[in-house]
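Structure data follow from protein.pdb (PDB, C-alpha atoms):
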```pdb
ATOM      1  CA  VAL A   1      10.346  -3.583-113.871
ATOM      2  CA  GLU A   2      12.945  -2.101-116.208
ATOM      3  CA  GLN A   3      15.736  -4.031-114.486
ATOM      4  CA  LEU A   4      13.584  -7.169-114.433
ATOM      5  CA  THR A   5      12.959  -6.947-118.170
ATOM      6  CA  ALA A   6      16.655  -6.421-118.865
ATOM      7  CA  ALA A   7      17.588  -9.398-116.694
ATOM      8  CA  LEU A   8      14.951 -11.528-118.365
ATOM      9  CA  GLN A   9      16.364 -10.601-121.771
ATOM     10  CA  VAL A  10      19.777 -11.838-120.650
ATOM     11  CA  VAL A  11      18.299 -15.207-119.703
ATOM     12  CA  LEU A  12      16.266 -15.490-122.922
ATOM     13  CA  ASP A  13      19.314 -14.740-125.059
ATOM     14  CA  ARG A  14      21.466 -17.158-123.082
ATOM     15  CA  HIS A  15      19.299 -20.269-123.352
ATOM     16  CA  ASP A  16      18.298 -21.326-126.854
ATOM     17  CA  ILE A  17      15.392 -23.550-125.851
ATOM     18  CA  LEU A  18      13.496 -20.576-124.387
ATOM     19  CA  ARG A  19      13.382 -19.149-127.938
ATOM     20  CA  ALA A  20      12.215 -22.401-129.530
ATOM     21  CA  ARG A  21       9.122 -22.953-131.662
ATOM     22  CA  LEU A  22       7.540 -26.375-132.169
ATOM     23  CA  GLU A  23       6.807 -27.244-135.800
ATOM     24  CA  LEU A  24       4.147 -29.930-136.159
ATOM     25  CA  ASP A  25       3.886 -30.117-139.959
ATOM     26  CA  GLY A  26       5.617 -33.266-141.182
ATOM     27  CA  GLU A  27       8.402 -34.361-138.868
ATOM     28  CA  ARG A  28       8.043 -32.645-135.517
ATOM     29  CA  ARG A  29      10.998 -30.475-134.670
ATOM     30  CA  LEU A  30      12.060 -27.525-132.568
ATOM     31  CA  VAL A  31      13.240 -24.429-134.424
ATOM     32  CA  VAL A  32      15.319 -22.005-132.367
ATOM     33  CA  GLY A  33      15.370 -18.272-133.056
ATOM     34  CA  GLU A  34      18.504 -16.153-132.824
ATOM     35  CA  PRO A  35      19.311 -14.267-129.593
ATOM     36  CA  GLY A  36      17.055 -11.231-129.474
ATOM     37  CA  SER A  37      14.286 -12.906-131.470
ATOM     38  CA  VAL A  38      12.160 -13.098-128.305
ATOM     39  CA  ALA A  39      11.756  -9.709-126.651
ATOM     40  CA  ALA A  40      11.424  -9.745-122.868
ATOM     41  CA  GLU A  41       9.012  -6.793-122.871
ATOM     42  CA  ASN A  42       6.577  -8.848-124.968
ATOM     43  CA  ILE A  43       6.346 -11.707-122.472
ATOM     44  CA  CYS A  44       6.493  -9.748-119.212
ATOM     45  CA  ARG A  45       3.588  -7.825-117.698
ATOM     46  CA  VAL A  46       2.716  -6.133-114.408
ATOM     47  CA  ILE A  47      -0.483  -6.638-112.418
ATOM     48  CA  GLU A  48      -1.281  -4.208-109.622
ATOM     49  CA  VAL A  49      -2.761  -5.862-106.521
ATOM     50  CA  GLU A  50      -4.260  -3.804-103.706
ATOM     51  CA  ALA A  51      -3.029  -6.180-101.020
ATOM     52  CA  GLU A  52       0.114  -7.730 -99.570
ATOM     53  CA  PRO A  53       1.457 -11.222-100.352
ATOM     54  CA  GLY A  54       0.045 -13.828 -98.005
ATOM     55  CA  THR A  55      -3.444 -12.365 -97.938
ATOM     56  CA  ALA A  56      -6.478 -14.043 -99.506
ATOM     57  CA  VAL A  57      -6.783 -11.236-102.046
ATOM     58  CA  PHE A  58      -3.159 -11.595-103.155
ATOM     59  CA  ASP A  59      -3.368 -15.389-103.272
ATOM     60  CA  ALA A  60      -6.418 -15.138-105.534
ATOM     61  CA  ALA A  61      -4.556 -12.737-107.801
ATOM     62  CA  ILE A  62      -1.670 -15.226-108.060
ATOM     63  CA  VAL A  63      -4.026 -18.033-109.047
ATOM     64  CA  ASP A  64      -5.700 -15.883-111.702
ATOM     65  CA  ALA A  65      -2.374 -14.650-113.080
ATOM     66  CA  LEU A  66      -0.942 -18.155-113.183
ATOM     67  CA  GLY A  67      -3.976 -19.483-115.042
ATOM     68  CA  GLY A  68      -3.762 -16.682-117.569
ATOM     69  CA  ALA A  69      -0.037 -17.162-118.115
ATOM     70  CA  ARG A  70      -0.425 -20.912-118.595
ATOM     71  CA  ARG A  71      -3.174 -20.441-121.173
ATOM     72  CA  GLU A  72      -0.954 -18.067-123.158
ATOM     73  CA  LEU A  73       1.869 -20.599-123.511
ATOM     74  CA  ASP A  74       1.912 -21.873-127.086
ATOM     75  CA  PRO A  75       4.991 -23.756-128.365
ATOM     76  CA  GLY A  76       3.552 -23.726-131.883
ATOM     77  CA  ARG A  77       3.858 -19.931-131.908
ATOM     78  CA  GLY A  78       7.143 -19.921-130.027
ATOM     79  CA  VAL A  79       5.566 -18.749-126.764
ATOM     80  CA  MET A  80       7.527 -20.788-124.220
ATOM     81  CA  VAL A  81       7.759 -18.214-121.416
ATOM     82  CA  ARG A  82       5.413 -15.853-119.617
ATOM     83  CA  VAL A  83       6.453 -13.600-116.723
ATOM     84  CA  VAL A  84       4.094 -11.723-114.396
ATOM     85  CA  TRP A  85       5.113  -9.277-111.693
ATOM     86  CA  LEU A  86       2.307  -8.944-109.146
ATOM     87  CA  SER A  87       2.927  -5.574-107.512
ATOM     88  CA  GLY A  88       1.365  -5.343-104.059
ATOM     89  CA  VAL A  89       0.985  -2.476-101.611
ATOM     90  CA  ARG A  90       3.914  -1.054 -99.630
ATOM     91  CA  ASN A  91       6.508  -2.104-102.193
ATOM     92  CA  THR A  92       5.752  -5.828-101.929
ATOM     93  CA  GLY A  93       5.137  -8.328-104.675
ATOM     94  CA  ARG A  94       5.606 -11.760-106.198
ATOM     95  CA  LEU A  95       7.152 -12.816-109.500
ATOM     96  CA  LEU A  96       5.609 -15.600-111.577
ATOM     97  CA  LEU A  97       7.948 -17.254-114.054
ATOM     98  CA  VAL A  98       5.886 -19.672-116.152
ATOM     99  CA  ILE A  99       7.623 -21.874-118.747
ATOM    100  CA  HIS A 100       6.264 -24.693-120.906
ATOM    101  CA  HIS A 101       7.459 -28.145-119.857
ATOM    102  CA  LEU A 102       8.732 -28.709-123.400
ATOM    103  CA  ALA A 103      11.508 -26.230-122.573
ATOM    104  CA  VAL A 104      12.362 -27.024-118.949
ATOM    105  CA  ASP A 105      12.762 -29.868-116.504
ATOM    106  CA  GLY A 106      13.452 -29.865-112.773
ATOM    107  CA  VAL A 107      17.184 -29.301-113.212
ATOM    108  CA  SER A 108      16.506 -26.353-115.532
ATOM    109  CA  TRP A 109      14.771 -24.440-112.745
ATOM    110  CA  ARG A 110      17.885 -24.756-110.604
ATOM    111  CA  VAL A 111      19.778 -23.094-113.432
ATOM    112  CA  LEU A 112      17.274 -20.394-114.379
ATOM    113  CA  VAL A 113      16.215 -19.011-111.023
ATOM    114  CA  PRO A 114      19.698 -18.081-109.723
ATOM    115  CA  GLU A 115      20.701 -16.806-113.180
ATOM    116  CA  LEU A 116      17.706 -14.480-113.333
ATOM    117  CA  ALA A 117      18.322 -13.259-109.780
ATOM    118  CA  SER A 118      22.031 -12.693-110.453
ATOM    119  CA  ALA A 119      21.376 -10.803-113.690
ATOM    120  CA  PHE A 120      18.769  -8.632-111.972
ATOM    121  CA  HIS A 121      21.013  -7.659-109.062
ATOM    122  CA  ARG A 122      23.998  -6.907-111.281
ATOM    123  CA  ILE A 123      21.913  -4.766-113.645
ATOM    124  CA  ASP A 124      20.301  -3.027-110.668
ATOM    125  CA  ALA A 125      23.826  -2.234-109.400
ATOM    126  CA  GLY A 126      24.827  -0.825-112.768
ATOM    127  CA  GLU A 127      27.059  -3.773-113.619
ATOM    128  CA  GLU A 128      27.188  -6.098-116.612
ATOM    129  CA  PRO A 129      25.604  -9.553-116.130
ATOM    130  CA  GLU A 130      28.024 -12.412-115.670
ATOM    131  CA  PRO A 131      29.130 -14.094-118.925
ATOM    132  CA  SER A 132      27.131 -17.133-119.943
ATOM    133  CA  TYR A 133      28.409 -20.609-119.201
ATOM    134  CA  SER A 134      29.216 -22.440-122.419
ATOM    135  CA  GLY A 135      27.885 -25.980-122.086
ATOM    136  CA  THR A 136      26.447 -28.466-124.564
ATOM    137  CA  SER A 137      23.403 -27.051-126.335
ATOM    138  CA  VAL A 138      20.108 -28.918-126.551
ATOM    139  CA  ARG A 139      20.603 -29.154-130.315
ATOM    140  CA  ARG A 140      24.050 -30.697-130.032
ATOM    141  CA  TRP A 141      22.883 -33.094-127.331
ATOM    142  CA  SER A 142      19.903 -34.213-129.424
ATOM    143  CA  HIS A 143      22.042 -34.893-132.482
ATOM    144  CA  ALA A 144      24.653 -36.673-130.362
ATOM    145  CA  LEU A 145      22.044 -39.044-128.916
ATOM    146  CA  ARG A 146      20.988 -39.994-132.438
ATOM    147  CA  ASP A 147      24.631 -40.540-133.366
ATOM    148  CA  ILE A 148      25.288 -42.945-130.480
ATOM    149  CA  ALA A 149      22.030 -44.889-130.934
ATOM    150  CA  PRO A 150      23.611 -47.806-132.875
ATOM    151  CA  ASP A 151      26.092 -48.303-130.034
ATOM    152  CA  ARG A 152      23.213 -48.920-127.614
ATOM    153  CA  ARG A 153      21.759 -51.852-129.609
ATOM    154  CA  VAL A 154      23.505 -54.304-127.291
ATOM    155  CA  GLU A 155      20.807 -53.334-124.747
ATOM    156  CA  LEU A 156      17.907 -54.452-126.970
ATOM    157  CA  PRO A 157      17.614 -57.976-125.491
ATOM    158  CA  ARG A 158      17.372 -56.442-122.019
ATOM    159  CA  TRP A 159      14.569 -53.999-122.861
ATOM    160  CA  ARG A 160      12.725 -56.537-124.994
ATOM    161  CA  SER A 161      12.719 -59.169-122.245
ATOM    162  CA  ILE A 162      11.450 -56.637-119.705
ATOM    163  CA  LEU A 163       8.532 -55.559-121.885
ATOM    164  CA  GLU A 164       7.590 -58.999-123.216
ATOM    165  CA  GLY A 165       6.707 -60.387-119.784
ATOM    166  CA  ALA A 166       3.226 -60.429-118.273
ATOM    167  CA  ASP A 167       1.602 -57.295-116.881
ATOM    168  CA  PRO A 168      -1.934 -58.014-115.603
ATOM    169  CA  LEU A 169      -4.421 -55.297-116.505
ATOM    170  CA  ILE A 170      -5.038 -52.638-113.874
ATOM    171  CA  GLY A 171      -8.643 -51.469-114.059
ATOM    172  CA  THR A 172     -11.295 -52.594-116.515
ATOM    173  CA  ARG A 173      -9.579 -51.594-119.767
ATOM    174  CA  PRO A 174      -6.253 -50.268-121.038
ATOM    175  CA  LEU A 175      -5.708 -46.506-121.054
ATOM    176  CA  ASP A 176      -7.027 -44.801-124.186
ATOM    177  CA  PRO A 177      -5.240 -41.543-125.132
ATOM    178  CA  ARG A 178      -8.396 -40.362-126.904
ATOM    179  CA  LEU A 179     -10.517 -40.676-123.769
ATOM    180  CA  ASP A 180      -8.116 -40.540-120.831
ATOM    181  CA  THR A 181      -6.870 -36.985-121.162
ATOM    182  CA  PHE A 182      -5.317 -34.594-118.671
ATOM    183  CA  ASP A 183      -8.772 -33.154-117.953
ATOM    184  CA  SER A 184     -10.165 -36.545-116.934
ATOM    185  CA  VAL A 185      -7.500 -37.720-114.514
ATOM    186  CA  GLY A 186      -7.948 -37.862-110.775
ATOM    187  CA  ARG A 187      -5.410 -37.045-108.115
ATOM    188  CA  VAL A 188      -4.749 -38.581-104.728
ATOM    189  CA  VAL A 189      -2.653 -36.701-102.179
ATOM    190  CA  ALA A 190      -1.393 -38.359 -99.002
ATOM    191  CA  ASP A 191       0.222 -36.592 -96.060
ATOM    192  CA  VAL A 192       2.713 -38.650 -94.057
ATOM    193  CA  PRO A 193       4.267 -37.910 -90.656
ATOM    194  CA  VAL A 194       7.681 -36.270 -90.514
ATOM    195  CA  GLU A 195       9.097 -39.381 -88.817
ATOM    196  CA  LEU A 196       8.071 -41.578 -91.755
ATOM    197  CA  SER A 197       9.330 -39.229 -94.440
ATOM    198  CA  ASP A 198      12.622 -38.821 -92.560
ATOM    199  CA  THR A 199      13.005 -42.601 -92.436
ATOM    200  CA  VAL A 200      12.304 -42.978 -96.165
ATOM    201  CA  LEU A 201      14.389 -40.024 -97.334
ATOM    202  CA  THR A 202      17.304 -40.182 -94.918
ATOM    203  CA  THR A 203      17.575 -43.242 -92.692
ATOM    204  CA  LEU A 204      16.982 -46.005 -95.263
ATOM    205  CA  PRO A 205      19.352 -44.642 -97.942
ATOM    206  CA  ALA A 206      22.079 -44.221 -95.317
ATOM    207  CA  LEU A 207      21.465 -47.664 -93.824
ATOM    208  CA  PHE A 208      21.522 -49.530 -97.143
ATOM    209  CA  GLY A 209      24.043 -47.327 -98.942
ATOM    210  CA  GLY A 210      21.620 -46.533-101.734
ATOM    211  CA  SER A 211      19.180 -43.909-102.953
ATOM    212  CA  VAL A 212      15.713 -42.731-101.965
ATOM    213  CA  ASN A 213      14.368 -44.558-105.030
ATOM    214  CA  ASP A 214      15.329 -47.939-103.572
ATOM    215  CA  GLY A 215      12.855 -47.799-100.696
ATOM    216  CA  LEU A 216      10.096 -46.086-102.657
ATOM    217  CA  VAL A 217      10.238 -48.487-105.618
ATOM    218  CA  ALA A 218      10.335 -51.467-103.257
ATOM    219  CA  ALA A 219       7.257 -50.134-101.466
ATOM    220  CA  LEU A 220       5.464 -49.582-104.777
ATOM    221  CA  ALA A 221       6.237 -53.119-105.981
ATOM    222  CA  LEU A 222       5.058 -54.652-102.717
ATOM    223  CA  ALA A 223       1.886 -52.553-102.548
ATOM    224  CA  LEU A 224       0.912 -53.354-106.142
ATOM    225  CA  THR A 225       1.568 -57.080-105.662
ATOM    226  CA  GLN A 226      -0.436 -57.151-102.437
ATOM    227  CA  TRP A 227      -3.308 -55.308-104.128
ATOM    228  CA  ARG A 228      -3.281 -57.724-107.077
ATOM    229  CA  GLN A 229      -3.310 -60.713-104.760
ATOM    230  CA  ALA A 230      -6.369 -59.259-103.036
ATOM    231  CA  GLN A 231      -8.019 -59.165-106.489
ATOM    232  CA  GLY A 232      -7.162 -62.834-107.039
ATOM    233  CA  ILE A 233      -4.351 -62.045-109.483
ATOM    234  CA  ARG A 234      -1.227 -64.111-108.979
ATOM    235  CA  THR A 235       1.992 -62.540-110.223
ATOM    236  CA  ASP A 236       5.602 -62.714-109.125
ATOM    237  CA  ASN A 237       6.917 -59.531-110.702
ATOM    238  CA  VAL A 238       5.973 -55.910-111.280
ATOM    239  CA  LEU A 239       6.469 -53.853-114.447
ATOM    240  CA  ILE A 240       6.828 -50.078-114.036
ATOM    241  CA  SER A 241       8.240 -47.105-115.903
ATOM    242  CA  MET A 242      11.038 -45.261-114.163
ATOM    243  CA  GLU A 243      11.680 -41.590-114.851
ATOM    244  CA  GLY A 244      15.116 -40.019-114.517
ATOM    245  CA  HIS A 245      16.672 -36.612-115.159
ATOM    246  CA  GLY A 246      18.206 -37.859-118.414
ATOM    247  CA  ARG A 247      21.417 -35.851-118.055
ATOM    248  CA  GLU A 248      23.814 -38.779-118.295
ATOM    249  CA  ALA A 249      26.454 -36.611-119.955
ATOM    250  CA  HIS A 250      29.050 -39.388-119.953
ATOM    251  CA  VAL A 251      27.218 -41.245-122.754
ATOM    252  CA  VAL A 252      28.239 -38.436-125.123
ATOM    253  CA  PRO A 253      32.014 -37.846-125.053
ATOM    254  CA  GLY A 254      32.814 -34.274-124.043
ATOM    255  CA  ALA A 255      29.227 -33.299-123.268
ATOM    256  CA  ASP A 256      28.399 -30.953-120.380
ATOM    257  CA  VAL A 257      24.693 -30.382-119.744
ATOM    258  CA  LEU A 258      24.901 -29.380-116.089
ATOM    259  CA  HIS A 259      23.951 -25.782-116.922
ATOM    260  CA  THR A 260      21.896 -26.455-120.069
ATOM    261  CA  VAL A 261      18.225 -25.516-119.894
ATOM    262  CA  GLY A 262      15.894 -28.005-121.549
ATOM    263  CA  TRP A 263      13.765 -31.097-121.014
ATOM    264  CA  PHE A 264      16.237 -33.979-120.679
ATOM    265  CA  THR A 265      13.972 -36.428-118.864
ATOM    266  CA  SER A 266      14.444 -40.100-119.727
ATOM    267  CA  VAL A 267      11.960 -42.924-119.150
ATOM    268  CA  PHE A 268      12.734 -46.639-119.111
ATOM    269  CA  PRO A 269      10.895 -49.844-118.137
ATOM    270  CA  MET A 270      11.896 -51.889-115.131
ATOM    271  CA  ARG A 271      10.648 -55.248-113.865
ATOM    272  CA  ILE A 272      10.879 -56.010-110.131
ATOM    273  CA  ASP A 273      11.263 -59.720-109.424
ATOM    274  CA  LEU A 274       9.343 -60.915-106.361
ATOM    275  CA  ALA A 275       9.256 -64.617-107.304
ATOM    276  CA  ASP A 276      10.414 -66.025-103.950
ATOM    277  CA  ILE A 277       8.974 -63.289-101.738
ATOM    278  CA  ASP A 278       6.157 -63.944 -99.266
ATOM    279  CA  ILE A 279       4.288 -60.643 -99.385
ATOM    280  CA  ALA A 280       2.441 -61.232 -96.120
ATOM    281  CA  GLU A 281       5.728 -62.001 -94.390
ATOM    282  CA  VAL A 282       7.379 -58.908 -95.841
ATOM    283  CA  MET A 283       4.576 -56.649 -94.627
ATOM    284  CA  SER A 284       5.121 -57.817 -91.053
ATOM    285  CA  SER A 285       8.870 -58.462 -90.960
ATOM    286  CA  ALA A 286      11.644 -55.899 -91.209
ATOM    287  CA  PRO A 287      14.300 -58.482 -92.242
ATOM    288  CA  GLU A 288      12.101 -59.741 -95.091
ATOM    289  CA  ALA A 289      11.387 -56.182 -96.206
ATOM    290  CA  ALA A 290      15.126 -55.528 -96.199
ATOM    291  CA  VAL A 291      15.591 -58.396 -98.652
ATOM    292  CA  VAL A 292      13.220 -56.733-101.114
ATOM    293  CA  LEU A 293      14.826 -53.329-100.682
ATOM    294  CA  LYS A 294      18.294 -54.746-101.305
ATOM    295  CA  ARG A 295      17.032 -56.546-104.407
ATOM    296  CA  VAL A 296      15.512 -53.376-105.797
ATOM    297  CA  LYS A 297      18.721 -51.494-105.052
ATOM    298  CA  GLU A 298      20.774 -54.021-107.018
ATOM    299  CA  GLU A 299      18.332 -54.020-109.919
ATOM    300  CA  LEU A 300      18.437 -50.228-110.123
ATOM    301  CA  LEU A 301      22.233 -50.243-109.968
ATOM    302  CA  GLY A 302      22.237 -52.777-112.802
ATOM    303  CA  VAL A 303      20.365 -50.485-115.216
ATOM    304  CA  PRO A 304      22.934 -49.326-117.798
ATOM    305  CA  ASP A 305      23.540 -45.571-117.707
ATOM    306  CA  SER A 306      20.371 -44.924-115.671
ATOM    307  CA  GLY A 307      18.196 -46.210-118.523
ATOM    308  CA  ILE A 308      18.908 -43.487-121.076
ATOM    309  CA  GLY A 309      19.580 -46.127-123.743
ATOM    310  CA  TYR A 310      15.948 -47.249-123.835
ATOM    311  CA  GLY A 311      14.602 -43.947-125.128
ATOM    312  CA  VAL A 312      17.530 -43.576-127.523
ATOM    313  CA  LEU A 313      16.727 -46.977-129.042
ATOM    314  CA  ARG A 314      12.945 -46.671-128.917
ATOM    315  CA  TYR A 315      12.755 -43.266-130.602
ATOM    316  CA  LEU A 316      16.062 -42.450-132.318
ATOM    317  CA  ASP A 317      17.233 -45.750-133.824
ATOM    318  CA  GLU A 318      15.526 -47.567-136.697
ATOM    319  CA  VAL A 319      16.543 -51.007-135.471
ATOM    320  CA  GLY A 320      15.523 -50.246-131.903
ATOM    321  CA  ARG A 321      12.208 -48.730-132.947
ATOM    322  CA  ALA A 322      11.336 -51.803-135.014
ATOM    323  CA  GLU A 323      11.946 -54.077-132.025
ATOM    324  CA  LEU A 324      10.415 -51.992-129.243
ATOM    325  CA  GLU A 325       7.584 -49.804-130.554
ATOM    326  CA  ASP A 326       4.932 -52.562-130.656
ATOM    327  CA  LEU A 327       5.682 -53.997-127.215
ATOM    328  CA  ARG A 328       3.403 -53.223-124.271
ATOM    329  CA  GLN A 329       4.217 -50.179-122.185
ATOM    330  CA  PRO A 330       4.113 -50.263-118.363
ATOM    331  CA  GLN A 331       0.794 -49.190-116.854
ATOM    332  CA  ILE A 332       2.414 -47.465-113.879
ATOM    333  CA  SER A 333       5.005 -44.703-113.991
ATOM    334  CA  PHE A 334       7.185 -43.866-110.998
ATOM    335  CA  ASN A 335       8.838 -40.504-110.513
ATOM    336  CA  TYR A 336      10.521 -39.132-107.396
TER     337      TYR A 336
END
```

Represent the structure contained in this file as C-alpha cells.
Amino acid sequence: VEQLTAALQVVLDRHDILRARLELDGERRLVVGEPGSVAAENICRVIEVEAEPGTAVFDAAIVDALGGARRELDPGRGVMVRVVWLSGVRNTGRLLLVIHHLAVDGVSWRVLVPELASAFHRIDAGEEPEPSYSGTSVRRWSHALRDIAPDRRVELPRWRSILEGADPLIGTRPLDPRLDTFDSVGRVVADVPVELSDTVLTTLPALFGGSVNDGLVAALALALTQWRQAQGIRTDNVLISMEGHGREAHVVPGADVLHTVGWFTSVFPMRIDLADIDIAEVMSSAPEAAVVLKRVKEELLGVPDSGIGYGVLRYLDEVGRAELEDLRQPQISFNY
C-alpha cells in the first residue's frame, strides 16, 4: 500500500486534470491545483475481504466499493479520483481506480494504467519513477481551440445545412432534460455471434478499405429508416450525432495530446443520405448494401478534421454560437 500510494502521487502530480476543481459560480471553469495539492493518501483506502477474487463474496465487495467510490466523486470539491485496494486472502486482491468522466476519456485510461503500473514497479524496486512526458496540457489545448475558432467559420454552412433539415420525431415527445435523467433511462444489451462481430470489426473494414464506423453507421441508418417506414414515416435521410476522441492535434500547430489525460471527446452532427436507396432491396441484397456502406464511408471521410470544428464553433465562437445554438440537435447519438 505504501508503494501504491507513492506511485499514485506520481500520477496525480503528473497530470493536471486529476487535480482540477469545477467552479460553477458564474462562468463554469476548471481550476487546477499545484502538484502536491491532492494527497494520494487522502483518496486511497484499503478494504479487507475474507475471500479470493473471482468468488461471489469478493465480487460483491467490488460492487459495494465501486458504488461507494463513485458516490464520493465530487468535481465541485476537487474530488476527481478515488482508489480502493481490495485485499483478499492469501495475498490476492484487486485495485479499483475510479475517476470522474470530466477528467478522463477512453484514451486517458490507456495513458494512466501503464503509468501507474510503471511507477509502482519502479518504486517497489527502489528506483525513481520515469520522468513525465511533456505534452500539451489541457489548459493550453482549451485556449488554443478558442484561438482557432474564427478560422473554422468556413464550416458554418456545412453544419447549418445538416441541422436545418428534417428529423422526424422519435417517440411521443422530444427529450426533456428535466424529466429524462440518467436515473430514468433504459438499457438494451444485445449479444451477437463471434462470426458476426468478426465480420463487422475485421472483414468489412479490410474489404472496403475503411473503418469499423462505416459498417456500423450504415447499419444504424438503414435500421432507423426501415423502422420509420414501418411507422408510416417517409424520409430519405438520417440525422445522427457522431462522437469521436477529439484529439485532432493537427488543428493546433505544435500540439501533442497523445499522452495528455483529459476529456477530449468531440461530437458533431452527420446526415446520411438515402434518397435513391430501396431499403427493402438493401436488406436482402449484398451489392445494394455495399452501395450504402461505400456512401457512408465517403461521407465520413468528407467530414473536416473528424468534426472537431463543430464543437469549437458551437461553444467557443460567438459567431458560430449565434448561428448554431438554436438549431435542432440530433435525437440519436452514435459512439463506437

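Closest to A:Arg328 among A:Glu195, A:Glu34, A:Asp167, A:Asp16 is A:Asp167, based on all atoms listed in the file.
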
**OP:** Output the residue selection produced by the PyMOL selection byres ((chain A and resi 292) around 9) on the file above, formatted as a ChimeraX atom specification.
**Re:** /A:215,218-219,222,274,277,282,288-291,293-297

Original post:
Once the PyMOL selection byres ((chain A and resi 329) around 12) has been applied to the shown file, what residues remain in the selection, as a PyMOL selection string?
Top reply: chain A and resi 159-160+162-169+174-175+239-242+267-271+314+324-328+330-333

**OP:** Specify as a PyMOL selection string each residue included when the PyMOL selection byres ((chain A and resi 118) around 12) is applied to this file.
**Re:** chain A and resi 3-4+6-8+10-11+111-117+119-125+127-132

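Atom CA of A:Glu2 sits 15.4 Å away from atom CA of A:Asn91.
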
Subject >> Nearest residue to A:His245 from the set A:Val138, A:Ala61, A:Ala39, A:Val257 (distances using all atoms listed in the file) >> reply: A:Val257

Subject >> A:Val252 environment, 9 Å, all atoms listed in the file, sequence neighbours closer than 2 positions dropped, as number ranges by chain >> reply: A: 141, 144-145, 148, 248-250, 254-256

Subject >> Among listed residues A:Gly302, A:Arg45, A:Glu323, A:Val217, nearest A:Ile272 (using all atoms listed in the file) >> reply: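 For A:Ile272, the nearest of the candidates is A:Val217.
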